[in-house]
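Coordinates from work_24.pdb are shown below (PDB, C-alpha atoms).
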```pdb
MODEL        1
ATOM      1  CA  MET A  14       1.877 -22.531  -7.009  1.00  0.00           C
ATOM      2  CA  ASN A  15       0.914 -19.293  -5.296  1.00  0.00           C
ATOM      3  CA  PRO A  16       2.236 -18.959  -1.761  1.00  0.00           C
ATOM      4  CA  THR A  17      -0.373 -18.767   0.983  1.00  0.00           C
ATOM      5  CA  TYR A  18      -0.173 -17.574   4.571  1.00  0.00           C
ATOM      6  CA  HIS A  19       0.159 -21.165   5.782  1.00  0.00           C
ATOM      7  CA  SER A  20       2.456 -22.276   2.956  1.00  0.00           C
ATOM      8  CA  LEU A  21       4.780 -19.369   2.316  1.00  0.00           C
ATOM      9  CA  GLY A  22       7.938 -21.198   1.254  1.00  0.00           C
ATOM     10  CA  ASN A  23      10.702 -18.586   1.273  1.00  0.00           C
ATOM     11  CA  HIS A  24       8.368 -15.725   0.333  1.00  0.00           C
ATOM     12  CA  ALA A  25       8.158 -12.571   2.434  1.00  0.00           C
ATOM     13  CA  GLU A  26       5.171 -10.522   3.533  1.00  0.00           C
ATOM     14  CA  ALA A  27       5.466  -7.408   1.394  1.00  0.00           C
ATOM     15  CA  ILE A  28       3.581  -4.369   0.185  1.00  0.00           C
ATOM     16  CA  GLN A  29       3.259  -3.204  -3.391  1.00  0.00           C
ATOM     17  CA  ILE A  30       1.924   0.280  -4.011  1.00  0.00           C
ATOM     18  CA  ASP A  31       1.130   2.118  -7.211  1.00  0.00           C
ATOM     19  CA  PHE A  32       2.265   5.729  -7.241  1.00  0.00           C
ATOM     20  CA  ALA A  33       2.116   8.649  -9.646  1.00  0.00           C
ATOM     21  CA  PRO A  34       5.657  10.026 -10.103  1.00  0.00           C
ATOM     22  CA  GLU A  35       4.276  13.507 -10.730  1.00  0.00           C
ATOM     23  CA  GLU A  36       2.692  13.402  -7.252  1.00  0.00           C
ATOM     24  CA  ILE A  37       5.496  11.717  -5.296  1.00  0.00           C
ATOM     25  CA  ASP A  38       8.824  10.482  -6.594  1.00  0.00           C
ATOM     26  CA  PHE A  39      10.460   7.176  -5.789  1.00  0.00           C
ATOM     27  CA  ALA A  40      13.169   8.857  -3.675  1.00  0.00           C
ATOM     28  CA  ALA A  41      10.493  10.273  -1.371  1.00  0.00           C
ATOM     29  CA  ILE A  42       8.956   6.811  -1.024  1.00  0.00           C
ATOM     30  CA  LEU A  43      12.411   5.444  -0.175  1.00  0.00           C
ATOM     31  CA  ASP A  44      12.708   8.060   2.580  1.00  0.00           C
ATOM     32  CA  LEU A  45       9.447   6.773   4.038  1.00  0.00           C
ATOM     33  CA  ILE A  46      10.619   3.171   3.767  1.00  0.00           C
ATOM     34  CA  TRP A  47      13.939   3.867   5.502  1.00  0.00           C
ATOM     35  CA  THR A  48      12.296   5.799   8.334  1.00  0.00           C
ATOM     36  CA  SER A  49       9.594   3.153   8.830  1.00  0.00           C
ATOM     37  CA  HIS A  50      11.782   0.231   9.827  1.00  0.00           C
ATOM     38  CA  ASN A  51      15.124  -0.686  11.358  1.00  0.00           C
ATOM     39  CA  PRO A  52      17.476  -1.254   8.385  1.00  0.00           C
ATOM     40  CA  ILE A  53      20.132  -2.928  10.545  1.00  0.00           C
ATOM     41  CA  GLY A  54      17.803  -5.231  12.472  1.00  0.00           C
ATOM     42  CA  ALA A  55      18.134  -8.990  12.245  1.00  0.00           C
ATOM     43  CA  ALA A  56      15.380 -10.629  10.193  1.00  0.00           C
ATOM     44  CA  ARG A  57      13.355 -13.073  12.270  1.00  0.00           C
ATOM     45  CA  SER A  58      12.568 -15.168   9.205  1.00  0.00           C
ATOM     46  CA  SER A  59      12.132 -14.947   5.436  1.00  0.00           C
ATOM     47  CA  GLN A  60       8.480 -14.195   6.096  1.00  0.00           C
ATOM     48  CA  TYR A  61       9.312 -11.093   8.109  1.00  0.00           C
ATOM     49  CA  LYS A  62      12.494  -9.888   6.455  1.00  0.00           C
ATOM     50  CA  SER A  63      13.016  -6.301   5.344  1.00  0.00           C
ATOM     51  CA  ALA A  64      13.583  -5.776   1.638  1.00  0.00           C
ATOM     52  CA  ILE A  65      13.109  -3.407  -1.260  1.00  0.00           C
ATOM     53  CA  TRP A  66      12.485  -4.900  -4.696  1.00  0.00           C
ATOM     54  CA  PHE A  67      13.546  -2.706  -7.628  1.00  0.00           C
ATOM     55  CA  ALA A  68      11.371  -2.675 -10.736  1.00  0.00           C
ATOM     56  CA  ASP A  69      14.017  -1.237 -13.084  1.00  0.00           C
ATOM     57  CA  ASP A  70      17.536   0.220 -13.236  1.00  0.00           C
ATOM     58  CA  GLN A  71      16.292   3.690 -12.285  1.00  0.00           C
ATOM     59  CA  GLN A  72      14.843   2.364  -9.063  1.00  0.00           C
ATOM     60  CA  LEU A  73      18.034   0.411  -8.356  1.00  0.00           C
ATOM     61  CA  THR A  74      20.109   3.577  -8.805  1.00  0.00           C
ATOM     62  CA  ALA A  75      17.809   5.529  -6.473  1.00  0.00           C
ATOM     63  CA  ILE A  76      17.949   2.751  -3.877  1.00  0.00           C
ATOM     64  CA  ASN A  77      21.750   2.572  -4.007  1.00  0.00           C
ATOM     65  CA  GLN A  78      21.965   6.356  -3.608  1.00  0.00           C
ATOM     66  CA  SER A  79      19.695   6.217  -0.574  1.00  0.00           C
ATOM     67  CA  VAL A  80      21.671   3.372   1.014  1.00  0.00           C
ATOM     68  CA  GLU A  81      25.048   5.130   1.058  1.00  0.00           C
ATOM     69  CA  PRO A  82      24.305   7.773   3.727  1.00  0.00           C
ATOM     70  CA  LEU A  83      22.644   5.099   5.875  1.00  0.00           C
ATOM     71  CA  LYS A  84      25.705   2.850   5.722  1.00  0.00           C
ATOM     72  CA  LYS A  85      27.791   5.810   6.861  1.00  0.00           C
ATOM     73  CA  LYS A  86      25.327   6.637   9.617  1.00  0.00           C
ATOM     74  CA  TYR A  87      25.250   3.073  10.974  1.00  0.00           C
ATOM     75  CA  GLU A  88      28.885   2.312  10.047  1.00  0.00           C
ATOM     76  CA  ARG A  89      27.893  -1.112   8.723  1.00  0.00           C
ATOM     77  CA  ASP A  90      26.032  -2.838   5.918  1.00  0.00           C
ATOM     78  CA  LEU A  91      22.259  -2.771   6.080  1.00  0.00           C
ATOM     79  CA  THR A  92      20.263  -5.945   6.638  1.00  0.00           C
ATOM     80  CA  THR A  93      17.419  -4.702   4.438  1.00  0.00           C
ATOM     81  CA  GLU A  94      17.792  -6.706   1.240  1.00  0.00           C
ATOM     82  CA  ILE A  95      17.849  -5.065  -2.198  1.00  0.00           C
ATOM     83  CA  LEU A  96      16.392  -7.484  -4.735  1.00  0.00           C
ATOM     84  CA  PRO A  97      15.098  -7.476  -8.328  1.00  0.00           C
ATOM     85  CA  LEU A  98      11.323  -7.507  -8.529  1.00  0.00           C
ATOM     86  CA  GLU A  99       9.971 -10.760  -9.834  1.00  0.00           C
ATOM     87  CA  THR A 100       6.443 -12.047  -9.348  1.00  0.00           C
ATOM     88  CA  PHE A 101       4.386 -10.343  -6.657  1.00  0.00           C
ATOM     89  CA  PHE A 102       1.663 -12.556  -5.261  1.00  0.00           C
ATOM     90  CA  ASN A 103      -1.366 -10.985  -3.634  1.00  0.00           C
ATOM     91  CA  ALA A 104      -2.152 -12.273  -0.170  1.00  0.00           C
ATOM     92  CA  GLU A 105      -5.405 -14.140   0.327  1.00  0.00           C
ATOM     93  CA  ASP A 106      -8.573 -12.046   0.344  1.00  0.00           C
ATOM     94  CA  TYR A 107      -9.009 -12.158   4.128  1.00  0.00           C
ATOM     95  CA  HIS A 108      -5.611 -10.471   4.571  1.00  0.00           C
ATOM     96  CA  GLN A 109      -6.473  -7.599   2.228  1.00  0.00           C
ATOM     97  CA  LYS A 110      -7.413  -4.275   3.860  1.00  0.00           C
ATOM     98  CA  TYR A 111      -7.426  -6.396   6.976  1.00  0.00           C
ATOM     99  CA  VAL A 112      -8.691  -3.887   9.542  1.00  0.00           C
ATOM    100  CA  LEU A 113     -11.231  -2.317   7.212  1.00  0.00           C
ATOM    101  CA  GLN A 114     -12.783  -5.730   6.610  1.00  0.00           C
ATOM    102  CA  ARG A 115     -13.825  -5.740  10.290  1.00  0.00           C
ATOM    103  CA  HIS A 116     -16.185  -2.816   9.533  1.00  0.00           C
ATOM    104  CA  ASP A 117     -19.197  -4.692   8.194  1.00  0.00           C
ATOM    105  CA  SER A 118     -21.345  -1.800   6.992  1.00  0.00           C
ATOM    106  CA  VAL A 119     -18.466  -0.097   5.190  1.00  0.00           C
ATOM    107  CA  LEU A 120     -17.393  -3.403   3.662  1.00  0.00           C
ATOM    108  CA  LYS A 121     -20.953  -4.014   2.457  1.00  0.00           C
ATOM    109  CA  GLN A 122     -20.944  -0.665   0.671  1.00  0.00           C
ATOM    110  CA  PHE A 123     -17.547  -1.393  -0.859  1.00  0.00           C
ATOM    111  CA  LYS A 124     -18.949  -4.675  -2.193  1.00  0.00           C
ATOM    112  CA  ALA A 125     -21.701  -2.631  -3.863  1.00  0.00           C
ATOM    113  CA  TYR A 126     -19.058  -0.353  -5.388  1.00  0.00           C
ATOM    114  CA  TYR A 127     -16.800  -3.227  -6.331  1.00  0.00           C
ATOM    115  CA  PRO A 128     -18.474  -6.586  -6.983  1.00  0.00           C
ATOM    116  CA  ASP A 129     -15.040  -7.881  -8.022  1.00  0.00           C
ATOM    117  CA  PHE A 130     -12.914  -8.197  -4.870  1.00  0.00           C
ATOM    118  CA  ASN A 131      -9.743  -7.350  -6.832  1.00  0.00           C
ATOM    119  CA  ASP A 132     -11.160  -3.891  -7.487  1.00  0.00           C
ATOM    120  CA  PHE A 133     -11.647  -3.431  -3.735  1.00  0.00           C
ATOM    121  CA  VAL A 134      -8.007  -4.473  -3.219  1.00  0.00           C
ATOM    122  CA  ASP A 135      -6.897  -1.846  -5.763  1.00  0.00           C
ATOM    123  CA  SER A 136      -9.172   0.902  -4.415  1.00  0.00           C
ATOM    124  CA  THR A 137      -7.403   3.984  -3.093  1.00  0.00           C
ATOM    125  CA  ALA A 138     -10.460   4.739  -0.929  1.00  0.00           C
ATOM    126  CA  ALA A 139     -10.197   1.293   0.672  1.00  0.00           C
ATOM    127  CA  ALA A 140      -6.437   1.682   1.201  1.00  0.00           C
ATOM    128  CA  ARG A 141      -6.853   5.098   2.840  1.00  0.00           C
ATOM    129  CA  LEU A 142      -9.723   3.946   5.060  1.00  0.00           C
ATOM    130  CA  ASN A 143      -7.839   0.805   6.058  1.00  0.00           C
ATOM    131  CA  GLY A 144      -4.951   2.997   7.190  1.00  0.00           C
ATOM    132  CA  PHE A 145      -7.219   5.236   9.237  1.00  0.00           C
ATOM    133  CA  ALA A 146      -8.988   2.201  10.708  1.00  0.00           C
ATOM    134  CA  TYR A 147      -5.597   0.854  11.764  1.00  0.00           C
ATOM    135  CA  GLY A 148      -4.823   4.124  13.556  1.00  0.00           C
ATOM    136  CA  CYS A 149      -2.630   5.908  11.008  1.00  0.00           C
ATOM    137  CA  GLY A 150      -3.212   9.465   9.878  1.00  0.00           C
ATOM    138  CA  SER A 151      -4.531  12.526  11.661  1.00  0.00           C
ATOM    139  CA  ARG A 152      -8.141  13.494  12.237  1.00  0.00           C
ATOM    140  CA  THR A 153      -7.478  16.673  10.244  1.00  0.00           C
ATOM    141  CA  LEU A 154      -6.391  14.641   7.219  1.00  0.00           C
ATOM    142  CA  PHE A 155      -9.347  12.301   7.644  1.00  0.00           C
ATOM    143  CA  LYS A 156     -11.778  15.228   7.682  1.00  0.00           C
ATOM    144  CA  GLN A 157     -10.106  16.775   4.648  1.00  0.00           C
ATOM    145  CA  GLU A 158     -10.396  13.597   2.631  1.00  0.00           C
ATOM    146  CA  GLN A 159     -13.527  11.867   3.845  1.00  0.00           C
ATOM    147  CA  SER A 160     -15.851  13.342   1.234  1.00  0.00           C
ATOM    148  CA  THR A 161     -13.758  11.611  -1.441  1.00  0.00           C
ATOM    149  CA  TYR A 162     -14.260   8.108  -0.021  1.00  0.00           C
ATOM    150  CA  GLY A 163     -17.842   7.664  -1.224  1.00  0.00           C
ATOM    151  CA  PHE A 164     -19.453   7.355   2.221  1.00  0.00           C
ATOM    152  CA  THR A 165     -21.483   9.589   4.490  1.00  0.00           C
ATOM    153  CA  PRO A 166     -19.597  11.020   7.504  1.00  0.00           C
ATOM    154  CA  GLU A 167     -21.969   9.016   9.752  1.00  0.00           C
ATOM    155  CA  SER A 168     -21.042   5.698   8.155  1.00  0.00           C
ATOM    156  CA  LEU A 169     -17.345   6.467   8.565  1.00  0.00           C
ATOM    157  CA  ALA A 170     -17.563   7.626  12.177  1.00  0.00           C
ATOM    158  CA  ALA A 171     -16.504   4.247  13.555  1.00  0.00           C
ATOM    159  CA  VAL A 172     -13.679   3.800  11.076  1.00  0.00           C
ATOM    160  CA  PHE A 173     -11.426   6.629  12.214  1.00  0.00           C
ATOM    161  CA  ARG A 174      -9.178   5.538  15.090  1.00  0.00           C
ATOM    162  CA  SER A 175      -6.265   7.262  16.799  1.00  0.00           C
TER     163      SER A 175
ATOM    164  CA  MET B  19     -16.421   8.653 -22.465  1.00  0.00           C
ATOM    165  CA  THR B  20     -19.805   7.027 -23.055  1.00  0.00           C
ATOM    166  CA  ASN B  21     -22.836   7.689 -20.865  1.00  0.00           C
ATOM    167  CA  LYS B  22     -22.527   4.114 -19.549  1.00  0.00           C
ATOM    168  CA  GLN B  23     -18.893   4.664 -18.594  1.00  0.00           C
ATOM    169  CA  THR B  24     -19.805   7.957 -16.945  1.00  0.00           C
ATOM    170  CA  ALA B  25     -22.560   6.238 -14.970  1.00  0.00           C
ATOM    171  CA  GLU B  26     -20.173   3.476 -13.913  1.00  0.00           C
ATOM    172  CA  MET B  27     -17.577   6.039 -12.837  1.00  0.00           C
ATOM    173  CA  ALA B  28     -20.182   7.803 -10.703  1.00  0.00           C
ATOM    174  CA  ALA B  29     -20.806   4.551  -8.865  1.00  0.00           C
ATOM    175  CA  ILE B  30     -17.369   4.343  -7.278  1.00  0.00           C
ATOM    176  CA  PRO B  31     -15.749   6.566  -4.616  1.00  0.00           C
ATOM    177  CA  PRO B  32     -14.611   9.955  -5.981  1.00  0.00           C
ATOM    178  CA  ILE B  33     -10.975   9.376  -4.972  1.00  0.00           C
ATOM    179  CA  ASP B  34     -10.936   6.201  -7.088  1.00  0.00           C
ATOM    180  CA  ARG B  35     -12.141   8.099 -10.147  1.00  0.00           C
ATOM    181  CA  ALA B  36      -9.092  10.376 -10.073  1.00  0.00           C
ATOM    182  CA  ILE B  37      -6.317   7.807 -10.478  1.00  0.00           C
ATOM    183  CA  PRO B  38      -3.574   9.249 -12.735  1.00  0.00           C
ATOM    184  CA  GLU B  39      -2.249   7.308 -15.684  1.00  0.00           C
ATOM    185  CA  ASN B  40       1.355   6.087 -15.962  1.00  0.00           C
ATOM    186  CA  LEU B  41       1.592   4.736 -12.450  1.00  0.00           C
ATOM    187  CA  GLN B  42       4.768   3.091 -11.209  1.00  0.00           C
ATOM    188  CA  THR B  43       5.098   0.493  -8.479  1.00  0.00           C
ATOM    189  CA  ALA B  44       7.155   0.380  -5.315  1.00  0.00           C
ATOM    190  CA  THR B  45       7.546  -2.978  -3.577  1.00  0.00           C
ATOM    191  CA  PHE B  46       8.958  -3.436  -0.101  1.00  0.00           C
ATOM    192  CA  ALA B  47       8.805  -5.383   3.140  1.00  0.00           C
ATOM    193  CA  LEU B  48       9.399  -3.789   6.515  1.00  0.00           C
ATOM    194  CA  GLY B  49      10.266  -6.815   8.647  1.00  0.00           C
TER     195      GLY B  49
ENDMDL
END
```

Once you've parsed the file, please lay out its structure as structure tokens.
Amino acid sequence: MNPTYHSLGNHAEAIQIDFAPEEIDFAAILDLIWTSHNPIGAARSSQYKSAIWFADDQQLTAINQSVEPLKKKYERDLTTEILPLETFFNAEDYHQKYVLQRHDSVLKQFKAYYPDFNDFVDSTAAARLNGFAYGCGSRTLFKQEQSTYGFTPESLAAVFRS
Amino acid sequence: MTNKQTAEMAAIPPIDRAIPENLQTATFALG
């Protein structure tokens, strides 16, 4: 049975991203992961643990290489778990692109673009706009990219925050 | 690409039309 927010079992809240290795390599993503959380912090629960799931042996090798300097830096083992990737379950629809879903007019247009909600979940435009709506990213980056999102600047004015 | 596919492509955000092939996944949780 798929885990849900109110019946998680021992599942953790996690993110799965698709990336193009010719644009960014896995090692660079690992750098972002390591600098975006405390790898020696105590996990509050399975739901909120820190972990990296490797998809293949290449990813495991890259992860192990990235761990070594951190263990030296902190002089202890990391609490971030390294685990083999098994089944990834999508969160319920209302958790997807959570902040962006508060923007009714933008969401309405996305529904016109993507009648199937799964396509909205997989949309790069939706992921980028959700990040900006949350407060990530600079205004310069937003202005550079906004013509690629499929909206007029006026309709996106309320989305950019920070 | 057929005309229908081209028309469908035009109906989604430009950034979503430019997704490269051969994507890999990264999966993580940040406590």

Please return as a JSON list (two decimals) with C-alpha atoms, in the coordinates of the input every residue within 12 Å of (-15.7, 0.6, 0.7), taking into account only C-alpha atoms and the file's own coordinates.
```
[["chain", "number", "residue", "atom", "x", "y", "z"],
["A", 110, "LYS", "CA", -7.41, -4.28, 3.86],
["A", 113, "LEU", "CA", -11.23, -2.32, 7.21],
["A", 114, "GLN", "CA", -12.78, -5.73, 6.61],
["A", 115, "ARG", "CA", -13.82, -5.74, 10.29],
["A", 116, "HIS", "CA", -16.18, -2.82, 9.53],
["A", 117, "ASP", "CA", -19.20, -4.69, 8.19],
["A", 118, "SER", "CA", -21.34, -1.80, 6.99],
["A", 119, "VAL", "CA", -18.47, -0.10, 5.19],
["A", 120, "LEU", "CA", -17.39, -3.40, 3.66],
["A", 121, "LYS", "CA", -20.95, -4.01, 2.46],
["A", 122, "GLN", "CA", -20.94, -0.66, 0.67],
["A", 123, "PHE", "CA", -17.55, -1.39, -0.86],
["A", 124, "LYS", "CA", -18.95, -4.68, -2.19],
["A", 125, "ALA", "CA", -21.70, -2.63, -3.86],
["A", 126, "TYR", "CA", -19.06, -0.35, -5.39],
["A", 127, "TYR", "CA", -16.80, -3.23, -6.33],
["A", 128, "PRO", "CA", -18.47, -6.59, -6.98],
["A", 130, "PHE", "CA", -12.91, -8.20, -4.87],
["A", 132, "ASP", "CA", -11.16, -3.89, -7.49],
["A", 133, "PHE", "CA", -11.65, -3.43, -3.74],
["A", 134, "VAL", "CA", -8.01, -4.47, -3.22],
["A", 135, "ASP", "CA", -6.90, -1.85, -5.76],
["A", 136, "SER", "CA", -9.17, 0.90, -4.42],
["A", 137, "THR", "CA", -7.40, 3.98, -3.09],
["A", 138, "ALA", "CA", -10.46, 4.74, -0.93],
["A", 139, "ALA", "CA", -10.20, 1.29, 0.67],
["A", 140, "ALA", "CA", -6.44, 1.68, 1.20],
["A", 141, "ARG", "CA", -6.85, 5.10, 2.84],
["A", 142, "LEU", "CA", -9.72, 3.95, 5.06],
["A", 143, "ASN", "CA", -7.84, 0.80, 6.06],
["A", 159, "GLN", "CA", -13.53, 11.87, 3.84],
["A", 161, "THR", "CA", -13.76, 11.61, -1.44],
["A", 162, "TYR", "CA", -14.26, 8.11, -0.02],
["A", 163, "GLY", "CA", -17.84, 7.66, -1.22],
["A", 164, "PHE", "CA", -19.45, 7.36, 2.22],
["A", 165, "THR", "CA", -21.48, 9.59, 4.49],
["A", 168, "SER", "CA", -21.04, 5.70, 8.15],
["A", 169, "LEU", "CA", -17.34, 6.47, 8.56],
["A", 172, "VAL", "CA", -13.68, 3.80, 11.08],
["B", 29, "ALA", "CA", -20.81, 4.55, -8.86],
["B", 30, "ILE", "CA", -17.37, 4.34, -7.28],
["B", 31, "PRO", "CA", -15.75, 6.57, -4.62],
["B", 32, "PRO", "CA", -14.61, 9.96, -5.98],
["B", 33, "ILE", "CA", -10.98, 9.38, -4.97],
["B", 34, "ASP", "CA", -10.94, 6.20, -7.09]]
```

As JSON, numbers by chain, could you give me every residue of chain A near chain B (at most 9 Å apart, counting all atoms listed in the file)? {"A": [25, 26, 27, 28, 29, 30, 31, 32, 33, 34, 39, 42, 43, 46, 47, 49, 50, 51, 52, 54, 55, 56, 57, 58, 59, 60, 61, 62, 63, 64, 65, 66, 67, 68, 72, 93, 98, 101, 123, 125, 126, 127, 136, 137, 138, 158, 160, 161, 162, 163, 164]}

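Shortest atom-to-atom contact with Gly144 in chain A among A:Val112, A:Ile37, A:Leu73, A:Leu21: A:Val112, counting all atoms listed in the file.
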
Expressed in Å, the length from CA of Phe102 in chain A to CA of Phe173 in chain A is 29.1 Å

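Nearest to Asn77 in chain A of all the residues A:Asp38, A:Cys149, A:Thr48, A:Glu94 is A:Glu94, based on only C-alpha atoms.
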
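Atom pair CA of Leu91 in chain A / CA of Ile76 in chain A: separated by 12.2 Å.
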
Neighbouring residues of Thr100 in chain A were defined as those with any atom within 10 Å, considering only C-alpha atoms; residues of the same chain fewer than 3 positions away were excluded. Please report them as a PyMOL selection string. chain A and resi 15+97+103

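Put simply, CA of Tyr18 in chain A is 10.9 Å away from CA of Asp106 in chain A.
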